[in-house]
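Asks: Here it is, the structure in full.
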Amino acid sequence: MRAFVAEKTDDGVTRGLREDFELEGDGDVVVDVEYSSVNYKDGLATIAKGQVARISPLVPGIDLAGTADGAPVLAHGYELGVARHGGYAEQARVPAEWLVPLPDGLSARQAMAIGTAGYTAARCVMALEAAGLSVDDGPVLVTGASGGVGSTAVDILAARGYEVVASSGSSDPAWLKELGASEVISREDAAGDAGRPMEKTRWAGAVDCVGGAVLAGVVRGLKYGGAVAACGNTGGIKLEATVLPFILRGVSLLGVDSVQTPIEARRETWARLATDLRPPHLDDAITREIGLDELDEALSAVLRGELQGRTVVRVS
């Protein structure tokens, strides 16, 4: 079958499209893959210093959508594209308990336009609202807004009526405003002054896809009782902060994971992604489509931080 494969060598990692790759591995269900998507983690799985891939050769692709025994399904996270072959092949062997029935109203392509990134964005919005965030509380910041998680978070939040401020180091402000952002600020503005234990209050809530100094700045600028849902670390894994925003303003730092979410919560989230959390720009401004033969450049671009929005991969 056709598959995009990454394989370790003495000189590093080679990657590319193979026409006769043999499906291997355990898993009790074979999925005929129609679409996958491009995520930062997929790029890491194909480079020597990525520290993601745990088998070689590896078919990357941490999410996929297609059919299993004639039924439309999707899968993402767990060990896909990391410790077992993922979505960049015409078939994938997946444990049955990892599968999510494709919700009514979503095609396989739309599911992967959402993909792991959109799923993560939805989990962030759900976490913020569970913590008490409402549309009347004030501006909500989204950092790393040009990426897959960030742009989808902007899209979802704006559609729900929030005043969204997008922070980006690279994206066209007009594009983010098309998705619903009321204002676009720089990454430096979101990070603020690292020398201050607290900033002037600005944000009722935030979705942070960056980590590092940006996340620390967001915490310092949250309003009383505000919360930030943290889901990324493209800006670094260290968090240099004080306890003052937590004990003087009662703010919350909410960790959001998309890899090991229990399957029932996963299925519930996808049901909402097909209904009230559905990103309205799913089929136009937020998504572009490529084939397996275009993956090499897309993976390089995502590692350089040059991909905007979501990139779906047409597999079959």
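Chain labels follow the order of the structure tokens: the first chain is A, the next B, and so on; residue numbering restarts at 1 in every chain, and ligands are counted from 1 in their shown order.
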Could you write out, as a compact mmCIF listing (two decimals) with N, CA and C atoms, in the first residue's frame, all the residues of stretch 84-208 of chain A that DSSP marks as helix (DSSP H, G or I)?

Replies:
```txt
# COMPACT_ATOMS: atom_id res chain seq x y z
N ALA A 96 -9.77 -1.51 18.79
CA ALA A 96 -11.17 -1.11 18.67
C ALA A 96 -11.55 -0.05 19.70
N GLU A 97 -10.94 -0.12 20.89
CA GLU A 97 -11.32 0.81 21.96
C GLU A 97 -10.78 2.22 21.72
N TRP A 98 -9.96 2.42 20.69
CA TRP A 98 -9.49 3.75 20.36
C TRP A 98 -10.39 4.46 19.35
N ALA A 108 -15.34 12.65 6.64
CA ALA A 108 -13.98 12.29 7.03
C ALA A 108 -13.03 13.48 6.84
N ARG A 109 -13.20 14.21 5.75
CA ARG A 109 -12.35 15.37 5.51
C ARG A 109 -12.57 16.44 6.57
N GLN A 110 -13.82 16.72 6.91
CA GLN A 110 -14.10 17.72 7.93
C GLN A 110 -13.56 17.29 9.30
N ALA A 111 -13.66 15.99 9.59
CA ALA A 111 -13.14 15.50 10.86
C ALA A 111 -11.65 15.75 10.97
N MET A 112 -10.92 15.59 9.86
CA MET A 112 -9.48 15.82 9.90
C MET A 112 -9.13 17.30 9.72
N ALA A 113 -10.04 18.09 9.17
CA ALA A 113 -9.84 19.54 9.22
C ALA A 113 -9.88 20.01 10.68
N ILE A 114 -10.68 19.34 11.48
CA ILE A 114 -10.65 19.56 12.93
C ILE A 114 -9.42 18.86 13.51
N GLY A 115 -9.36 17.55 13.37
CA GLY A 115 -8.21 16.76 13.76
C GLY A 115 -7.82 16.90 15.22
N THR A 116 -6.61 16.45 15.51
CA THR A 116 -6.09 16.55 16.88
C THR A 116 -6.06 17.99 17.36
N ALA A 117 -5.69 18.91 16.47
CA ALA A 117 -5.59 20.31 16.86
C ALA A 117 -6.95 20.88 17.25
N GLY A 118 -7.95 20.64 16.42
CA GLY A 118 -9.28 21.15 16.73
C GLY A 118 -9.89 20.50 17.95
N TYR A 119 -9.61 19.21 18.10
CA TYR A 119 -10.06 18.49 19.30
C TYR A 119 -9.45 19.13 20.54
N THR A 120 -8.16 19.44 20.49
CA THR A 120 -7.48 20.07 21.62
C THR A 120 -8.08 21.44 21.91
N ALA A 121 -8.35 22.21 20.85
CA ALA A 121 -8.97 23.52 21.03
C ALA A 121 -10.32 23.39 21.72
N ALA A 122 -11.11 22.42 21.30
CA ALA A 122 -12.41 22.21 21.92
C ALA A 122 -12.28 21.84 23.39
N ARG A 123 -11.33 20.97 23.71
CA ARG A 123 -11.10 20.60 25.10
C ARG A 123 -10.71 21.82 25.94
N CYS A 124 -9.95 22.74 25.36
CA CYS A 124 -9.59 23.97 26.06
C CYS A 124 -10.81 24.82 26.34
N VAL A 125 -11.67 24.99 25.34
CA VAL A 125 -12.89 25.78 25.54
C VAL A 125 -13.78 25.13 26.59
N MET A 126 -13.92 23.83 26.53
CA MET A 126 -14.73 23.12 27.52
C MET A 126 -14.17 23.30 28.93
N ALA A 127 -12.84 23.25 29.06
CA ALA A 127 -12.22 23.41 30.38
C ALA A 127 -12.45 24.82 30.92
N LEU A 128 -12.32 25.84 30.06
CA LEU A 128 -12.55 27.21 30.50
C LEU A 128 -13.99 27.42 30.93
N GLU A 129 -14.93 26.90 30.15
CA GLU A 129 -16.33 27.09 30.51
C GLU A 129 -16.71 26.30 31.76
N ALA A 130 -16.10 25.14 31.94
CA ALA A 130 -16.33 24.38 33.17
C ALA A 130 -15.79 25.12 34.38
N GLY A 148 -2.61 25.37 14.26
CA GLY A 148 -3.84 24.60 14.14
C GLY A 148 -4.73 24.70 15.35
N VAL A 149 -4.16 24.53 16.56
CA VAL A 149 -4.96 24.64 17.78
C VAL A 149 -5.47 26.06 17.97
N GLY A 150 -4.55 27.02 17.85
CA GLY A 150 -4.91 28.40 18.09
C GLY A 150 -5.96 28.94 17.16
N SER A 151 -5.80 28.69 15.86
CA SER A 151 -6.77 29.23 14.89
C SER A 151 -8.14 28.60 15.09
N THR A 152 -8.17 27.31 15.40
CA THR A 152 -9.47 26.66 15.64
C THR A 152 -10.09 27.18 16.92
N ALA A 153 -9.27 27.45 17.95
CA ALA A 153 -9.79 28.03 19.19
C ALA A 153 -10.40 29.40 18.93
N VAL A 154 -9.72 30.22 18.13
CA VAL A 154 -10.28 31.53 17.76
C VAL A 154 -11.64 31.35 17.09
N ASP A 155 -11.70 30.42 16.15
CA ASP A 155 -12.92 30.17 15.39
C ASP A 155 -14.08 29.73 16.31
N ILE A 156 -13.78 28.79 17.21
CA ILE A 156 -14.82 28.27 18.11
C ILE A 156 -15.27 29.35 19.09
N LEU A 157 -14.33 30.03 19.72
CA LEU A 157 -14.68 31.03 20.73
C LEU A 157 -15.48 32.18 20.13
N ALA A 158 -15.05 32.67 18.97
CA ALA A 158 -15.77 33.78 18.34
C ALA A 158 -17.19 33.37 17.98
N ALA A 159 -17.36 32.15 17.49
CA ALA A 159 -18.69 31.67 17.14
C ALA A 159 -19.59 31.55 18.36
N PRO A 173 -2.83 39.41 10.26
CA PRO A 173 -3.93 39.83 11.13
C PRO A 173 -5.29 39.78 10.46
N ALA A 174 -5.34 40.06 9.16
CA ALA A 174 -6.62 40.05 8.44
C ALA A 174 -7.23 38.65 8.45
N TRP A 175 -6.38 37.62 8.33
CA TRP A 175 -6.88 36.24 8.35
C TRP A 175 -7.46 35.89 9.71
N LEU A 176 -6.76 36.26 10.79
CA LEU A 176 -7.27 35.97 12.13
C LEU A 176 -8.56 36.73 12.40
N LYS A 177 -8.68 37.93 11.89
CA LYS A 177 -9.92 38.68 12.06
C LYS A 177 -11.06 38.06 11.25
N GLU A 178 -10.72 37.45 10.12
CA GLU A 178 -11.73 36.72 9.35
C GLU A 178 -12.28 35.55 10.15
N LEU A 179 -11.43 34.94 10.98
CA LEU A 179 -11.88 33.84 11.83
C LEU A 179 -12.68 34.32 13.03
N ARG A 187 3.31 38.35 20.02
CA ARG A 187 3.70 37.41 21.08
C ARG A 187 4.36 38.15 22.24
N GLU A 188 5.13 39.20 21.92
CA GLU A 188 5.80 39.98 22.96
C GLU A 188 4.78 40.71 23.83
N ASP A 189 3.72 41.22 23.23
CA ASP A 189 2.67 41.89 24.00
C ASP A 189 1.98 40.91 24.94
N ALA A 190 1.74 39.70 24.46
CA ALA A 190 1.10 38.69 25.32
C ALA A 190 2.01 38.29 26.47
N ALA A 191 3.33 38.25 26.23
CA ALA A 191 4.27 37.84 27.27
C ALA A 191 4.44 38.91 28.34
```

Asks: Go through stretch 151-264 of chain A and flag each residue having an atom no more than 12 Å from stretch 40-47 of chain A; for those, report the closest pair of atoms plus their distance in Å to one decimal, using only C-alpha atoms, ordered by chain and rising number, as a Markdown table.

Replies:
```
| residue | atom | partner | partner_atom | distance |
| --- | --- | --- | --- | --- |
| A:Cys209 | CA | A:Tyr40 | CA | 11.6 |
| A:Gly232 | CA | A:Tyr40 | CA | 10.2 |
| A:Asn233 | CA | A:Tyr40 | CA | 10.7 |
| A:Thr234 | CA | A:Tyr40 | CA | 9.0 |
| A:Ser258 | CA | A:Lys41 | CA | 11.9 |
| A:Val259 | CA | A:Lys41 | CA | 11.1 |
```

Asks: Can you list every residue of stretch 228-289 of chain A that has an atom at most 8 Å from stretch 304-314 of chain A, with its nearest atom pair and the distance in Å to one decimal, using only C-alpha atoms, ordered by chain then number, as a Markdown table?

Replies:
```
| residue | atom | partner | partner_atom | distance |
| --- | --- | --- | --- | --- |
| A:Ile286 | CA | A:Gly309 | CA | 5.1 |
| A:Thr287 | CA | A:Arg310 | CA | 4.7 |
| A:Arg288 | CA | A:Thr311 | CA | 5.0 |
| A:Glu289 | CA | A:Val312 | CA | 4.8 |
```

Asks: May I have the selected residues written with N, CA and C atoms, as a PDB file, in the first residue's frame?

Replies:
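As written to disk, result-v5.pdb reads:
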```pdb
ATOM      1  N   ILE A 286      -9.996  28.165   7.215  1.00  0.00           N
ATOM      2  CA  ILE A 286      -9.117  27.527   8.196  1.00  0.00           C
ATOM      3  C   ILE A 286      -8.357  26.325   7.638  1.00  0.00           C
ATOM      4  N   THR A 287      -8.737  25.826   6.447  1.00  0.00           N
ATOM      5  CA  THR A 287      -8.249  24.522   5.992  1.00  0.00           C
ATOM      6  C   THR A 287      -7.697  24.556   4.569  1.00  0.00           C
ATOM      7  N   ARG A 288      -6.595  23.838   4.355  1.00  0.00           N
ATOM      8  CA  ARG A 288      -6.128  23.544   2.994  1.00  0.00           C
ATOM      9  C   ARG A 288      -5.867  22.053   2.908  1.00  0.00           C
ATOM     10  N   GLU A 289      -5.852  21.517   1.691  1.00  0.00           N
ATOM     11  CA  GLU A 289      -5.721  20.075   1.477  1.00  0.00           C
ATOM     12  C   GLU A 289      -4.485  19.766   0.644  1.00  0.00           C
TER      13      GLU A 289
END
```

Asks: Kindly indicate which residue among A:Pro57, A:Gly235, A:Gly192, A:Gly105 lies nearest to A:Gly221, using only C-alpha atoms for the distances.

Replies: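 Of all the options, A:Gly192 lies closest to A:Gly221.
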
Asks: Could you work out how far atom CA of A:Leu17 lies from atom CA of A:Ala3, giving the answer in Å with one decimal?

Replies: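 Atom CA of A:Leu17 lies at a distance of 5.7 Å from atom CA of A:Ala3.
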
Asks: Compare A:Tyr162, A:Phe246, A:Tyr78, A:Phe4 by their minimum atom-to-atom distance to A:Gly225, counting only C-alpha atoms, and give me the closest one.

Replies: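 Closest residue, counting only C-alpha atoms: A:Phe246.
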
Asks: Taking into account only C-alpha atoms, which residue in the set A:Ala68, A:Met1, A:Ala216, A:Val207 is nearest to A:Ala194?

Replies: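 Of A:Ala68, A:Met1, A:Ala216, A:Val207, the one nearest A:Ala194, counting only C-alpha atoms, is A:Ala216.
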
Asks: From the list A:Val52, A:Leu133, A:Arg93, A:Asp63, which residue is nearest A:Gly77 when using only C-alpha atoms?

Replies: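 Counting only C-alpha atoms, the residue closest to A:Gly77 is A:Asp63.
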
Asks: Using only C-alpha atoms, which residue out of A:Gly180, A:Pro103, A:Gly212, A:Gly61 lies closest to A:Ala89?

Replies: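 Closest residue, counting only C-alpha atoms: A:Gly61.
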
Asks: Can you pull out every residue within 8 Å of A:Ala6, counting only C-alpha atoms, but drop anything in the same chain fewer than 5 positions away, and send it as a PyMOL selection string?

Replies: chain A and resi 13-16+45-46+56-60

Asks: Can you write just those residues out, N, CA and C atoms, as a compact mmCIF listing (two decimals), in the first residue's frame?

Replies:
```txt
# COMPACT_ATOMS: atom_id res chain seq x y z
N VAL A 13 17.43 10.48 10.00
CA VAL A 13 16.13 9.92 9.63
C VAL A 13 15.88 10.20 8.16
N THR A 14 15.48 9.18 7.42
CA THR A 14 15.00 9.40 6.06
C THR A 14 13.49 9.30 6.06
N ARG A 15 12.84 10.06 5.22
CA ARG A 15 11.38 10.03 5.15
C ARG A 15 10.95 10.22 3.70
N GLY A 16 9.82 9.62 3.36
CA GLY A 16 9.33 9.77 2.02
C GLY A 16 8.19 8.80 1.73
N ALA A 45 8.07 13.63 14.70
CA ALA A 45 8.23 12.18 14.53
C ALA A 45 9.12 11.83 13.35
N THR A 46 9.47 12.81 12.52
CA THR A 46 10.24 12.53 11.31
C THR A 46 11.63 13.14 11.33
N SER A 56 10.80 2.19 14.42
CA SER A 56 11.36 2.51 13.10
C SER A 56 11.37 1.23 12.27
N PRO A 57 10.86 1.26 11.04
CA PRO A 57 10.24 2.41 10.39
C PRO A 57 8.89 2.77 11.04
N LEU A 58 8.46 4.01 10.82
CA LEU A 58 7.20 4.52 11.38
C LEU A 58 6.41 5.23 10.31
N VAL A 59 5.12 4.92 10.24
CA VAL A 59 4.18 5.73 9.46
C VAL A 59 3.65 6.80 10.41
N PRO A 60 4.04 8.07 10.23
CA PRO A 60 3.53 9.12 11.11
C PRO A 60 2.03 9.36 10.87
```

Asks: Skipping near chain neighbours, those fewer than 6 positions away, what residues fall within 7 Å of A:Tyr224 using only C-alpha atoms, listed as number ranges by chain?

Replies: A: 249-251

Asks: Store the residues picked out above, limited to C-alpha atoms, as a PDB file, in the first residue's frame.

Replies:
```
ATOM      1  CA  ARG A 249      -6.395  36.984  42.134  1.00  0.00           C
ATOM      2  CA  GLY A 250      -7.572  33.391  42.473  1.00  0.00           C
ATOM      3  CA  VAL A 251      -6.580  32.507  38.906  1.00  0.00           C
TER       4      VAL A 251
END
```

Asks: Could you write out, as a ChimeraX atom specification, all the residues of stretch 151-182 of chain A that DSSP marks as strand (DSSP E)?

Replies: /A:164-167

Asks: Can you measure atom CA of A:Leu141 to atom CA of A:Arg272 for me? One decimal in Å is fine.

Replies: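 Taking atom CA of A:Leu141 and atom CA of A:Arg272, their separation equals 22.0 Å.
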
Asks: Using only C-alpha atoms, which residues sit within 7 Å of stretch 23-27 of chain A once same-chain residues fewer than 3 positions away are excluded, as a ChimeraX atom specification?

Replies: /A:84,93-95

Asks: Could you please determine the separation between atom CA of A:Gly291 and atom CA of A:Gly50 in Å, to one decimal place?

Replies: 23.3 Å

Asks: Which one is closest to A:Gly147: A:Ser252, A:Asn39, A:Gln260, A:Thr242? Count only C-alpha atoms.

Replies: A:Asn39
